[in-house]
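Step one of this worksheet: look at the structure below.
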There are 2 protein chains.
Amino acid sequence: MRDITLKQIAETLGISITTVSKALKNYPDVSPKTRKAVLDLAQSLSYTPNSFAVNLRTKESRTIGLIIPEVVHHFFSNVINGIIDEAEKNGYLVIILQSNESLELEKKQVELLMNKRVDGIIMSLSNESNDDEHLKEILRKEVPFVMFDKISKLIPCSKVIINDQKAAFNAVEHLIQKGCRKIAHIRGPVNPQNAIDRFLGYKKALDKNNIPFDSKLVYTCKNVTFDEGVEFAKRIAAEHPDVDGIFVITDLVAVGVLAHFNEVGINIPEQVKVIGFSNWFMSQVITPKLSTVDQPSFEMGVHSFKLLLEEINTKKELHSFHPRTIELETEIIERESTSES
Amino acid sequence: MRDITLKQIAETLGISITTVSKALKNYPDVSPKTRKAVLDLAQSLSYTPNSFAVNLRTKESRTIGLIIPEVVHHFFSNVINGIIDEAEKNGYLVIILQSNESLELEKKQVELLMNKRVDGIIMSLSNESNDDEHLKEILRKEVPFVMFDKISKLIPCSKVIINDQKAAFNAVEHLIQKGCRKIAHIRGPVNPQNAIDRFLGYKKALDKNNIPFDSKLVYTCKNVTFDEGVEFAKRIAAEHPDVDGIFVITDLVAVGVLAHFNEVGINIPEQVKVIGFSNWFMSQVITPKLSTVDQPSFEMGVHSFKLLLEEINTKKELHSFHPRTIELETEIIERESTSES
DNA sequence: ATCAACACCGAAAACGTTTTCGAAAATACC
DNA sequence: GGTATTTTCGAAAACGTTTTCGGTGTTGAT
């Protein structure tokens with residue numbers, strides 16, 4: 001009824017706990033005979049080591065923590081998928097926590113994971129995050145740590161990112177190529193690095209193509225929702241009816257834009273072309289199908305875990321570790337919302 | 001540099017480990033003076049108990065396991081959200097594992113969690129699951145266990161479900177009310193209980209309204225994908241052009257149906273009315289907006305954890321536990337895809 | 001026969017906490 | 001002053017594993 005322990009195996013076999021442990025862990029100094037006896041008995045009792053005891057003894061739990069803004073999100077759930085898969089392949093489990101885009105909560109979650117003594121932490125910053133203290137604390141305690149997507153440039157840790165600026169640049173140039181001359185940008189919140197970078201890419205593309213930048217054409221999301229897309233579409237139509245192209249921070253918001261334009265009879269792509277970001281699934285099923293920038297979310301998860309594992313392992317040997325940054329490629333997906341008129 | 005332990009606090013204060021532990025855990029038999037000294041020192045050293053040691057000693061980890069078919073899924077990610085939230089409120093963390101709709105993997109994940117000695121397991125069955133052994137093993141080891149949504153009726157554990165049969169019945173009656181007389185059903189795979197129940201609800205609604213049941217009008221999904229929706233829509237149009245209503249197992253597939261009909265110019269809802277299931281977000285942004293059955297996914301997660309916690313706690317006192325089943329309400333969401341012609 | 005080399009085993013410490021139980025010290029009571 | 005009671009403390013066991021280190025006993029070489 002109760003859990004099988006090394007002690008019980010040792011007693012029924014009339015040998016010491018030490019030998020049982022060694023037999024199970026393939027130590028060389030145990031005879032084939034006793035090894036077989038131990039293995040057989042362990043098998044028949046379906047012994048599994050008490051992970052609590054193993055954790056305490058080895059000081060590791062083969063568990064990592066993951067903090068993301070929200071689970072219900074096409075991009076993040078794909079990253080989770082990649083992380084969980086890769087982690088499991090390497091014998092690690094993952095605890096998932098949400099920050100709900102709140103700095104306060106994010107700090108709490110970091111603390112929770114540190115107290116839990118996870119072997120490492122993977123994280124994507126919340127939109128509110130403009131404070132580094134909790135991140136520095138992770139480094140101070142030398143807990144293996146990697147950030148992905150929404151990162152802080154000031155924290156020296158491993159990172160998995162895309163080149164947001166370049167990707168945004170390409171997206172806007174795509175619009176220009178398709179004939180747009182007055183291009184609005186619905187950008188993300190002020191804090192996140194990638195919202196800033198995408199905005200910079202937008203600006204640079206205009207610059208390079210001799211289109212004057214007009215700050216009135218930039219709309220800033222607070223919560224990055226479908227409803228905000230609808231709202232900004234309304235405002236753009238009212239304030240700048242001659243806008244002929246819109247680069248939107250992410251597909252969810254872009255879909256809101258499409259919804260409004262569809263409703264009021266503004267034709268896409270005839271009157272306005274729209275391009276989103278992240279290649280959400282819904283983008284290919286709405287009307288018109290939304291052009292977007294594909295972001296390798298699953299791979300981002302895989303690489304994030306790989307970097308974390310690298311840090312975990314080298315920190316076990318040496319004391320130090322040199323963080324690495326992996327930059328993944330993006331790709332413009334051209335669909336109906338930017339097709340030539 | 002190294003982690004603070006009770007021992008260190010005890011030594012610098014010149015008292016015993018026991019007393020330090022007691023002071024921190026508010027035992028009555030420690031004087032106010034020493035308690036304050038301990039608390040102050042612990043505070044200033046930012047002591048946190050070593051959870052590995054606590055786990056070993058208390059035989060619990062305040063961590064639960066969650067196994068679902070896939071993370072990248074509107075319904076499941078919402079359930080995850082509910083579980084994580086409620087768990088955290090109660091001081092529990094959650095480890096998430098995917099079965100990828102494979103029975104083999106599902107079994108492996110169960111084993112993994114048991115070896116990890118989580119305090120409990122929450123689970124939704126994979127579509128392949130037609131074998132109970134691994135579930136019975138959970139009960140045998142007396143690990144607190146609750147299933148949600150895709151359950152096994154044969155396993156006596158707590159459950160959180162909707163009344164799939166009733167919900168399906170209502171959905172089909174909704175179609176009938178709107179004038180449909182020849183109604184097809186795109187159903188889920190053969191194993192899952194809720195695919196069966198929804199099919200039964202479909203049949204019952206036809207029955208009650210004196211519409212003859214025709215097994216040729218029932219199409220069975222294998223993978224429950226968008227592409228299958230497209231495929232079945234194609235076949236329905238070809239094989240039964242006079243079908244005027246379709247009840248689809250889930251929104252994702254229904255959206256595939258809409259996509260095909262849109263493409264070939266079959267008007268929805270004029271020629272065919274379509275109703276889905278689960279109220280995925282995308283359903284309200286496509287054209288035409290999809291009618292569906294709303295399923296309280298977040299609440300499902302919350303209730304699942306509550307039931308698990310109930311079991312964890314009562315099993316700590318008594319040895320036994322009587323499982324409970326919670327049935328959540330669903331609601332028809334009427335949108336354009338079933339609006340009156 | 002002696003010694004070295006080797007194969008096999010086990011005692012014991014360690015990981016850091018929780019909790020029981022008894023002892024000592026302080027206080028109360030008469 | 002003596003006894004009874006309460007307050008405060010600490011020794012020690014326990015949770016189950018891993019790993020070091022030394023101790024047998026056996027084999028092989030000379």
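Naming works like this for the structure tokens: A, B, ... for the chains as they're shown, residue 1 at the start of each chain, ligands 1 onward in shown order.
For DA4 in chain D, the set of protein, DNA and RNA residues having any atom at most 10 Å away, when counting only C-alpha atoms (C1' of nucleotides) and skipping those fewer than 2 positions along the same chain, is DA28 and DC29 of chain C; DG2 and DT6 of chain D.
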Output chain B as a short mmCIF file (atom, residue, chain, number, x, y, z; two decimals) with C-alpha atoms, in the first residue's frame, after least-squares fitting it to chain A on all in-order C-alpha pairs.
```cif
data_model
loop_
_atom_site.label_atom_id
_atom_site.label_comp_id
_atom_site.auth_asym_id
_atom_site.auth_seq_id
_atom_site.Cartn_x
_atom_site.Cartn_y
_atom_site.Cartn_z
CA MET B 1 0.01 -0.05 -0.13
CA ARG B 2 2.64 2.41 0.97
CA ASP B 3 5.35 3.58 -1.38
CA ILE B 4 8.26 1.29 -2.02
CA THR B 5 11.60 2.55 -0.78
CA LEU B 6 15.18 1.49 -1.13
CA LYS B 7 15.05 0.37 2.47
CA GLN B 8 12.31 -2.14 1.81
CA ILE B 9 14.10 -3.62 -1.15
CA ALA B 10 17.29 -3.80 0.86
CA GLU B 11 15.60 -5.55 3.75
CA THR B 12 13.79 -8.20 1.73
CA LEU B 13 17.01 -8.91 -0.10
CA GLY B 14 19.12 -8.85 3.03
CA ILE B 15 21.54 -6.29 1.68
CA SER B 16 22.27 -2.65 2.40
CA ILE B 17 20.47 0.40 1.10
CA THR B 18 23.70 1.54 -0.43
CA THR B 19 24.02 -1.51 -2.58
CA VAL B 20 20.44 -1.29 -3.74
CA SER B 21 20.91 2.31 -4.73
CA LYS B 22 24.10 1.50 -6.55
CA ALA B 23 22.56 -1.42 -8.37
CA LEU B 24 19.75 0.77 -9.62
CA LYS B 25 22.09 3.49 -10.73
CA ASN B 26 24.49 1.22 -12.54
CA TYR B 27 27.47 1.71 -10.29
CA PRO B 28 30.31 -0.59 -11.29
CA ASP B 29 31.00 -1.92 -7.82
CA VAL B 30 28.09 -4.29 -7.49
CA SER B 31 28.20 -7.89 -8.64
CA PRO B 32 26.08 -9.03 -11.56
CA LYS B 33 24.23 -11.40 -9.27
CA THR B 34 23.05 -8.86 -6.73
CA ARG B 35 22.38 -6.30 -9.42
CA LYS B 36 20.02 -8.65 -11.16
CA ALA B 37 18.30 -9.49 -7.89
CA VAL B 38 17.77 -5.82 -7.12
CA LEU B 39 16.61 -4.95 -10.61
CA ASP B 40 14.17 -7.83 -10.65
CA LEU B 41 12.66 -7.00 -7.31
CA ALA B 42 12.47 -3.31 -8.09
CA GLN B 43 10.74 -4.15 -11.30
CA SER B 44 8.21 -6.45 -9.73
CA LEU B 45 7.42 -3.96 -6.99
CA SER B 46 7.39 -1.22 -9.61
CA TYR B 47 9.72 0.86 -7.53
CA THR B 48 10.16 4.49 -8.43
CA PRO B 49 12.54 6.71 -6.52
CA ASN B 50 10.95 9.28 -4.27
CA SER B 51 11.53 12.45 -6.20
CA PHE B 52 11.26 14.61 -3.10
CA ALA B 53 14.24 12.85 -1.60
CA VAL B 54 16.14 12.93 -4.86
CA ASN B 55 15.50 16.65 -5.21
CA LEU B 56 16.77 17.32 -1.72
CA ARG B 57 19.83 15.24 -2.20
CA THR B 58 20.76 16.39 -5.69
CA LYS B 59 19.52 19.96 -5.26
CA GLU B 60 17.69 19.91 -8.53
CA SER B 61 14.12 19.17 -9.46
CA ARG B 62 14.27 18.80 -13.21
CA THR B 63 11.48 21.31 -13.33
CA ILE B 64 11.60 24.74 -14.89
CA GLY B 65 9.29 27.72 -14.62
CA LEU B 66 7.70 29.66 -17.44
CA ILE B 67 6.19 33.10 -17.04
CA ILE B 68 4.19 34.60 -19.87
CA PRO B 69 1.67 37.42 -20.08
CA GLU B 70 -1.23 35.13 -20.95
CA VAL B 71 -1.92 31.56 -21.92
CA VAL B 72 -4.95 32.29 -24.06
CA HIS B 73 -3.00 33.80 -26.88
CA HIS B 74 -2.09 32.31 -30.21
CA PHE B 75 1.54 33.26 -30.11
CA PHE B 76 2.20 32.33 -26.51
CA SER B 77 0.36 29.04 -26.57
CA ASN B 78 2.53 28.04 -29.50
CA VAL B 79 5.66 28.97 -27.61
CA ILE B 80 4.43 26.96 -24.63
CA ASN B 81 3.96 24.04 -26.93
CA GLY B 82 7.56 24.26 -28.10
CA ILE B 83 8.94 24.61 -24.60
CA ILE B 84 6.94 21.75 -23.12
CA ASP B 85 7.90 19.46 -25.96
CA GLU B 86 11.58 20.18 -25.85
CA ALA B 87 11.64 20.09 -22.06
CA GLU B 88 10.03 16.70 -21.94
CA LYS B 89 12.47 15.33 -24.48
CA ASN B 90 15.18 16.24 -21.99
CA GLY B 91 13.44 14.96 -18.92
CA TYR B 92 12.22 18.29 -17.63
CA LEU B 93 8.74 19.38 -16.62
CA VAL B 94 7.45 22.90 -16.82
CA ILE B 95 5.38 24.98 -14.45
CA ILE B 96 3.44 27.74 -16.15
CA LEU B 97 2.53 31.05 -14.59
CA GLN B 98 0.82 34.11 -16.05
CA SER B 99 1.61 37.73 -15.40
CA ASN B 100 -1.64 38.95 -16.93
CA GLU B 101 0.40 41.81 -18.33
CA SER B 102 0.89 43.14 -14.81
CA LEU B 103 4.31 44.02 -13.45
CA GLU B 104 3.14 43.43 -9.91
CA LEU B 105 2.03 39.91 -10.68
CA GLU B 106 5.12 39.25 -12.75
CA LYS B 107 7.29 40.02 -9.75
CA LYS B 108 5.23 37.76 -7.57
CA GLN B 109 5.51 34.90 -10.05
CA VAL B 110 9.28 35.25 -10.22
CA GLU B 111 9.45 35.05 -6.46
CA LEU B 112 7.17 32.04 -6.40
CA LEU B 113 9.38 30.16 -8.83
CA MET B 114 12.56 31.02 -6.98
CA ASN B 115 11.09 29.83 -3.70
CA LYS B 116 10.02 26.68 -5.48
CA ARG B 117 13.65 26.34 -6.49
CA VAL B 118 13.03 25.51 -10.12
CA ASP B 119 16.13 24.66 -12.12
CA GLY B 120 15.61 27.61 -14.42
CA ILE B 121 13.19 30.26 -15.61
CA ILE B 122 11.97 31.18 -19.06
CA MET B 123 10.08 34.39 -19.41
CA SER B 124 8.46 36.89 -21.71
CA LEU B 125 7.95 40.31 -20.17
CA SER B 126 4.57 41.85 -19.52
CA ASN B 127 3.65 45.06 -21.28
CA GLU B 128 3.82 46.92 -18.00
CA SER B 129 7.38 45.89 -17.28
CA ASN B 130 9.66 48.86 -16.98
CA ASP B 131 11.47 47.75 -13.86
CA ASP B 132 14.41 45.39 -13.72
CA GLU B 133 14.83 44.59 -10.07
CA HIS B 134 13.13 41.23 -10.08
CA LEU B 135 15.07 40.18 -13.16
CA LYS B 136 18.35 41.23 -11.63
CA GLU B 137 17.43 39.20 -8.58
CA ILE B 138 17.23 36.12 -10.77
CA LEU B 139 20.74 36.78 -12.02
CA ARG B 140 21.98 37.51 -8.52
CA LYS B 141 20.78 34.13 -7.32
CA GLU B 142 22.41 32.65 -10.40
CA VAL B 143 19.24 30.90 -11.48
CA PRO B 144 19.49 29.96 -15.15
CA PHE B 145 17.34 32.43 -17.02
CA VAL B 146 16.30 33.08 -20.60
CA MET B 147 13.92 35.62 -22.06
CA PHE B 148 12.09 35.41 -25.34
CA ASP B 149 10.17 37.82 -27.53
CA LYS B 150 9.45 40.54 -24.99
CA ILE B 151 12.90 40.98 -23.54
CA SER B 152 14.83 43.57 -21.62
CA LYS B 153 17.91 44.72 -23.45
CA LEU B 154 19.60 45.67 -20.19
CA ILE B 155 19.59 42.23 -18.63
CA PRO B 156 22.54 40.06 -19.58
CA CYS B 157 20.89 36.68 -20.08
CA SER B 158 20.27 34.36 -22.98
CA LYS B 159 17.54 35.49 -25.33
CA VAL B 160 15.48 34.22 -28.21
CA ILE B 161 14.10 36.94 -30.40
CA ILE B 162 13.20 37.97 -33.87
CA ASN B 163 14.50 41.12 -35.47
CA ASP B 164 11.37 43.12 -34.87
CA GLN B 165 12.73 46.20 -36.48
CA LYS B 166 13.70 44.43 -39.66
CA ALA B 167 10.47 42.47 -39.78
CA ALA B 168 8.44 45.64 -39.37
CA PHE B 169 10.57 47.36 -41.96
CA ASN B 170 9.83 44.59 -44.43
CA ALA B 171 6.13 44.67 -43.65
CA VAL B 172 5.91 48.40 -44.31
CA GLU B 173 8.01 48.13 -47.45
CA HIS B 174 5.61 45.46 -48.58
CA LEU B 175 2.78 47.99 -48.25
CA ILE B 176 4.80 50.59 -50.12
CA GLN B 177 5.58 48.12 -52.85
CA LYS B 178 1.89 47.50 -53.23
CA GLY B 179 1.35 51.18 -53.82
CA CYS B 180 0.62 52.62 -50.40
CA ARG B 181 1.78 56.17 -49.83
CA LYS B 182 0.06 57.24 -46.65
CA ILE B 183 0.63 54.55 -44.11
CA ALA B 184 -0.69 54.50 -40.56
CA HIS B 185 0.73 52.39 -37.77
CA ILE B 186 -1.21 50.89 -34.91
CA ARG B 187 1.55 50.21 -32.48
CA GLY B 188 1.84 48.29 -29.23
CA PRO B 189 2.13 49.74 -25.75
CA VAL B 190 5.00 52.04 -24.85
CA ASN B 191 7.13 49.72 -22.72
CA PRO B 192 7.72 46.50 -24.61
CA GLN B 193 10.91 46.47 -26.56
CA ASN B 194 9.37 44.83 -29.57
CA ALA B 195 6.61 47.42 -29.85
CA ILE B 196 9.34 50.03 -29.90
CA ASP B 197 11.37 48.12 -32.45
CA ARG B 198 8.44 47.59 -34.76
CA PHE B 199 7.67 51.27 -34.59
CA LEU B 200 11.28 52.01 -35.44
CA GLY B 201 11.12 49.65 -38.39
CA TYR B 202 7.98 51.41 -39.59
CA LYS B 203 9.69 54.75 -39.39
CA LYS B 204 12.79 53.55 -41.14
CA ALA B 205 10.84 52.09 -44.04
CA LEU B 206 9.04 55.40 -44.55
CA ASP B 207 12.35 57.19 -44.39
CA LYS B 208 14.06 55.03 -46.93
CA ASN B 209 11.18 55.50 -49.34
CA ASN B 210 10.97 59.24 -48.87
CA ILE B 211 7.59 59.18 -47.24
CA PRO B 212 7.33 61.83 -44.55
CA PHE B 213 6.75 60.51 -41.07
CA ASP B 214 3.64 61.88 -39.38
CA SER B 215 3.22 61.14 -35.72
CA LYS B 216 -0.51 61.68 -36.05
CA LEU B 217 -0.68 58.50 -38.07
CA VAL B 218 0.61 56.45 -35.17
CA TYR B 219 -1.97 54.97 -32.80
CA THR B 220 -0.92 53.30 -29.58
CA CYS B 221 -2.65 50.24 -28.16
CA LYS B 222 -3.09 49.85 -24.47
CA ASN B 223 -4.36 46.30 -24.21
CA VAL B 224 -3.73 45.02 -27.72
CA THR B 225 -7.26 43.71 -28.23
CA PHE B 226 -9.70 43.13 -31.06
CA ASP B 227 -11.81 46.00 -29.75
CA GLU B 228 -8.91 48.39 -29.93
CA GLY B 229 -8.53 47.44 -33.57
CA VAL B 230 -12.14 48.37 -34.22
CA GLU B 231 -11.73 51.60 -32.31
CA PHE B 232 -8.59 52.72 -34.12
CA ALA B 233 -10.02 51.78 -37.49
CA LYS B 234 -12.93 54.05 -36.72
CA ARG B 235 -10.61 56.89 -35.79
CA ILE B 236 -8.38 56.44 -38.79
CA ALA B 237 -11.35 56.51 -41.13
CA ALA B 238 -12.57 59.68 -39.48
CA GLU B 239 -9.31 61.53 -38.95
CA HIS B 240 -7.34 60.44 -41.99
CA PRO B 241 -9.67 59.12 -44.67
CA ASP B 242 -6.84 59.21 -47.20
CA VAL B 243 -4.74 56.62 -45.40
CA ASP B 244 -4.12 53.81 -47.87
CA GLY B 245 -2.14 51.38 -45.76
CA ILE B 246 -1.98 50.27 -42.14
CA PHE B 247 0.70 48.30 -40.39
CA VAL B 248 -0.72 46.76 -37.24
CA ILE B 249 1.24 45.53 -34.22
CA THR B 250 -0.45 42.14 -34.21
CA ASP B 251 -3.07 40.14 -36.07
CA LEU B 252 -5.68 40.24 -33.36
CA VAL B 253 -5.84 44.00 -33.58
CA ALA B 254 -5.62 43.91 -37.37
CA VAL B 255 -8.64 41.64 -37.47
CA GLY B 256 -10.51 44.27 -35.48
CA VAL B 257 -9.52 46.79 -38.13
CA LEU B 258 -10.81 44.55 -40.90
CA ALA B 259 -14.03 43.97 -39.01
CA HIS B 260 -14.75 47.68 -38.80
CA PHE B 261 -13.84 48.43 -42.39
CA ASN B 262 -15.97 45.52 -43.54
CA GLU B 263 -18.87 46.83 -41.57
CA VAL B 264 -18.76 50.37 -42.85
CA GLY B 265 -18.06 49.27 -46.39
CA ILE B 266 -14.50 50.43 -46.76
CA ASN B 267 -12.96 48.04 -49.22
CA ILE B 268 -9.82 46.14 -48.36
CA PRO B 269 -7.45 46.08 -50.17
CA GLU B 270 -8.87 48.54 -52.70
CA GLN B 271 -9.11 51.55 -50.44
CA VAL B 272 -6.83 50.50 -47.63
CA LYS B 273 -4.31 47.73 -47.39
CA VAL B 274 -3.65 46.12 -44.03
CA ILE B 275 -0.82 43.97 -42.77
CA GLY B 276 -0.62 42.39 -39.34
CA PHE B 277 2.01 40.57 -37.36
CA SER B 278 2.47 37.07 -35.94
CA ASN B 279 0.38 35.03 -38.34
CA TRP B 280 -2.42 34.05 -36.02
CA PHE B 281 -4.51 31.19 -37.23
CA MET B 282 -7.63 33.29 -37.63
CA SER B 283 -5.90 35.48 -40.17
CA GLN B 284 -6.29 32.90 -42.88
CA VAL B 285 -9.97 32.30 -42.26
CA ILE B 286 -11.36 35.82 -42.19
CA THR B 287 -12.44 37.91 -45.13
CA PRO B 288 -10.35 39.25 -46.61
CA LYS B 289 -7.51 36.98 -45.60
CA LEU B 290 -4.97 39.00 -43.70
CA SER B 291 -1.40 39.50 -44.84
CA THR B 292 1.00 39.24 -41.96
CA VAL B 293 4.49 38.55 -40.72
CA ASP B 294 5.10 34.97 -39.75
CA GLN B 295 6.92 34.52 -36.50
CA PRO B 296 8.28 31.05 -35.67
CA SER B 297 6.60 30.72 -32.29
CA PHE B 298 7.04 26.99 -31.76
CA GLU B 299 10.70 27.21 -32.65
CA MET B 300 11.05 30.11 -30.29
CA GLY B 301 9.91 27.84 -27.50
CA VAL B 302 12.24 25.06 -28.53
CA HIS B 303 15.25 27.35 -28.70
CA SER B 304 14.36 28.99 -25.42
CA PHE B 305 14.47 25.69 -23.64
CA LYS B 306 17.65 24.64 -25.40
CA LEU B 307 19.39 27.79 -24.26
CA LEU B 308 18.13 27.28 -20.74
CA LEU B 309 19.36 23.72 -20.67
CA GLU B 310 22.72 24.84 -21.97
CA GLU B 311 22.96 27.26 -19.07
CA ILE B 312 21.80 24.70 -16.53
CA ASN B 313 24.38 22.21 -17.65
CA THR B 314 27.37 24.48 -17.99
CA LYS B 315 26.62 26.11 -14.65
CA LYS B 316 26.79 22.68 -13.09
CA GLU B 317 30.38 22.25 -14.27
CA LEU B 318 31.90 25.68 -14.39
CA HIS B 319 30.51 28.36 -12.19
CA SER B 320 30.12 30.86 -14.98
CA PHE B 321 28.09 31.11 -18.16
CA HIS B 322 28.15 33.33 -21.19
CA PRO B 323 24.65 34.18 -22.37
CA ARG B 324 23.76 33.77 -26.00
CA THR B 325 21.13 35.44 -28.16
CA ILE B 326 19.39 33.59 -30.93
CA GLU B 327 17.66 35.56 -33.63
CA LEU B 328 15.01 33.71 -35.60
CA GLU B 329 13.91 34.53 -39.13
CA THR B 330 10.54 36.00 -40.00
CA GLU B 331 8.68 35.93 -43.27
CA ILE B 332 6.07 38.07 -44.98
CA ILE B 333 2.90 36.12 -45.72
CA GLU B 334 1.06 37.83 -48.52
CA ARG B 335 -2.70 37.36 -48.54
CA GLU B 336 -5.72 39.25 -49.77
CA SER B 337 -5.54 42.25 -47.47
CA THR B 338 -2.55 43.64 -49.32
CA SER B 339 -3.11 42.28 -52.79
CA GLU B 340 -2.67 44.72 -55.65
CA SER B 341 -5.74 46.75 -56.46
#
```
Next on the checklist: Counting only C-alpha atoms (C1' of nucleotides), a student should be able to say which residues of chain D come within 10 Å of chain B; what is the right answer, written as a ChimeraX atom specification?
Outcome noted: /D:7-11,14-16
Next, write the just-selected residues to a file, as a short mmCIF file (atom, residue, chain, number, x, y, z; two decimals), in the first residue's frame, keeping C-alpha atoms (C1' of nucleotides) as the atom set.
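Final output, part.cif:
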```
data_model
loop_
_atom_site.label_atom_id
_atom_site.label_comp_id
_atom_site.auth_asym_id
_atom_site.auth_seq_id
_atom_site.Cartn_x
_atom_site.Cartn_y
_atom_site.Cartn_z
"C1'" DT D 7 6.50 28.75 29.79
"C1'" DT D 8 10.28 28.04 26.96
"C1'" DC D 9 13.58 25.38 24.83
"C1'" DG D 10 16.32 21.57 22.42
"C1'" DA D 11 17.69 16.63 21.36
"C1'" DA D 14 12.27 10.97 10.60
"C1'" DC D 15 11.47 11.78 5.50
"C1'" DG D 16 14.43 8.69 1.26
#
```
Item to check | Distance-based interface of chain C with chain A, 12 Å, counting only C-alpha atoms (C1' of nucleotides), as an MDAnalysis selection string | outcome: chainID C and resid 6:17
Would you put the residues from that selection into a file with C-alpha atoms (C1' of nucleotides), as a short mmCIF file (atom, residue, chain, number, x, y, z; two decimals), in the first residue's frame?
```
data_model
loop_
_atom_site.label_atom_id
_atom_site.label_comp_id
_atom_site.auth_asym_id
_atom_site.auth_seq_id
_atom_site.Cartn_x
_atom_site.Cartn_y
_atom_site.Cartn_z
"C1'" DC C 6 40.67 -6.20 -7.84
"C1'" DA C 7 35.70 -7.08 -7.00
"C1'" DC C 8 32.11 -6.39 -3.99
"C1'" DC C 9 29.79 -4.52 -0.19
"C1'" DG C 10 28.12 -1.37 3.67
"C1'" DA C 11 28.48 2.32 7.37
"C1'" DA C 12 27.67 6.77 7.67
"C1'" DA C 13 27.16 11.47 6.53
"C1'" DA C 14 24.67 14.65 4.15
"C1'" DC C 15 20.66 17.33 2.05
"C1'" DG C 16 17.07 20.86 5.32
"C1'" DT C 17 13.01 20.57 7.27
#
```
Checklist entry - Can you list, as a list in words, every residue of range 46-97 of chain B that DSSP puts in strand (DSSP E or B)? => result Thr63, Ile64, Gly65, Leu66, Ile67, Ile68, Leu93, Val94, Ile95, Ile96 and Leu97 of chain B
Checklist entry - range 198-258 of chain B: which residues are helix (DSSP H, G or I) by DSSP, as a ChimeraX atom specification? => result /B:198-208,215-217,226-239,251-258
Those residues with C-alpha atoms, as a PDB file, in the first residue's frame please?
```pdb
ATOM      1  CA  ARG B 198     -23.373  15.399 -29.050  1.00  0.00           C
ATOM      2  CA  PHE B 199     -24.260  12.905 -31.729  1.00  0.00           C
ATOM      3  CA  LEU B 200     -26.938  11.493 -29.463  1.00  0.00           C
ATOM      4  CA  GLY B 201     -28.308  14.971 -28.849  1.00  0.00           C
ATOM      5  CA  TYR B 202     -28.428  15.554 -32.592  1.00  0.00           C
ATOM      6  CA  LYS B 203     -30.346  12.355 -33.104  1.00  0.00           C
ATOM      7  CA  LYS B 204     -32.764  13.077 -30.321  1.00  0.00           C
ATOM      8  CA  ALA B 205     -33.580  16.525 -31.636  1.00  0.00           C
ATOM      9  CA  LEU B 206     -34.371  15.084 -35.057  1.00  0.00           C
ATOM     10  CA  ASP B 207     -36.501  12.449 -33.418  1.00  0.00           C
ATOM     11  CA  LYS B 208     -38.517  14.835 -31.348  1.00  0.00           C
ATOM     12  CA  SER B 215     -26.749   8.031 -41.136  1.00  0.00           C
ATOM     13  CA  LYS B 216     -25.433   9.229 -44.479  1.00  0.00           C
ATOM     14  CA  LEU B 217     -25.756  12.765 -43.211  1.00  0.00           C
ATOM     15  CA  PHE B 226     -10.082  23.334 -40.140  1.00  0.00           C
ATOM     16  CA  ASP B 227      -9.119  21.285 -43.188  1.00  0.00           C
ATOM     17  CA  GLU B 228     -11.554  18.558 -42.293  1.00  0.00           C
ATOM     18  CA  GLY B 229     -14.267  21.192 -42.195  1.00  0.00           C
ATOM     19  CA  VAL B 230     -13.403  22.239 -45.725  1.00  0.00           C
ATOM     20  CA  GLU B 231     -13.301  18.637 -46.856  1.00  0.00           C
ATOM     21  CA  PHE B 232     -16.659  17.681 -45.371  1.00  0.00           C
ATOM     22  CA  ALA B 233     -18.297  20.837 -46.669  1.00  0.00           C
ATOM     23  CA  LYS B 234     -17.156  19.835 -50.118  1.00  0.00           C
ATOM     24  CA  ARG B 235     -18.595  16.355 -49.704  1.00  0.00           C
ATOM     25  CA  ILE B 236     -21.874  17.568 -48.299  1.00  0.00           C
ATOM     26  CA  ALA B 237     -22.334  19.968 -51.180  1.00  0.00           C
ATOM     27  CA  ALA B 238     -21.641  17.179 -53.622  1.00  0.00           C
ATOM     28  CA  GLU B 239     -23.475  14.299 -51.976  1.00  0.00           C
ATOM     29  CA  ASP B 251     -16.103  25.896 -34.199  1.00  0.00           C
ATOM     30  CA  LEU B 252     -12.737  25.251 -35.771  1.00  0.00           C
ATOM     31  CA  VAL B 253     -14.256  22.695 -38.095  1.00  0.00           C
ATOM     32  CA  ALA B 254     -17.331  24.846 -38.655  1.00  0.00           C
ATOM     33  CA  VAL B 255     -15.115  27.693 -39.771  1.00  0.00           C
ATOM     34  CA  GLY B 256     -13.637  25.341 -42.346  1.00  0.00           C
ATOM     35  CA  VAL B 257     -17.160  24.651 -43.555  1.00  0.00           C
ATOM     36  CA  LEU B 258     -17.891  28.350 -43.872  1.00  0.00           C
TER      37      LEU B 258
END
```
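Separating C1' of DT19 in chain D from C1' of DT18 in chain C is a distance of 25.2 Å.
For the pair C1' of DT2 in chain C and C1' of DG22 in chain D, the interatomic distance is 22.8 Å.
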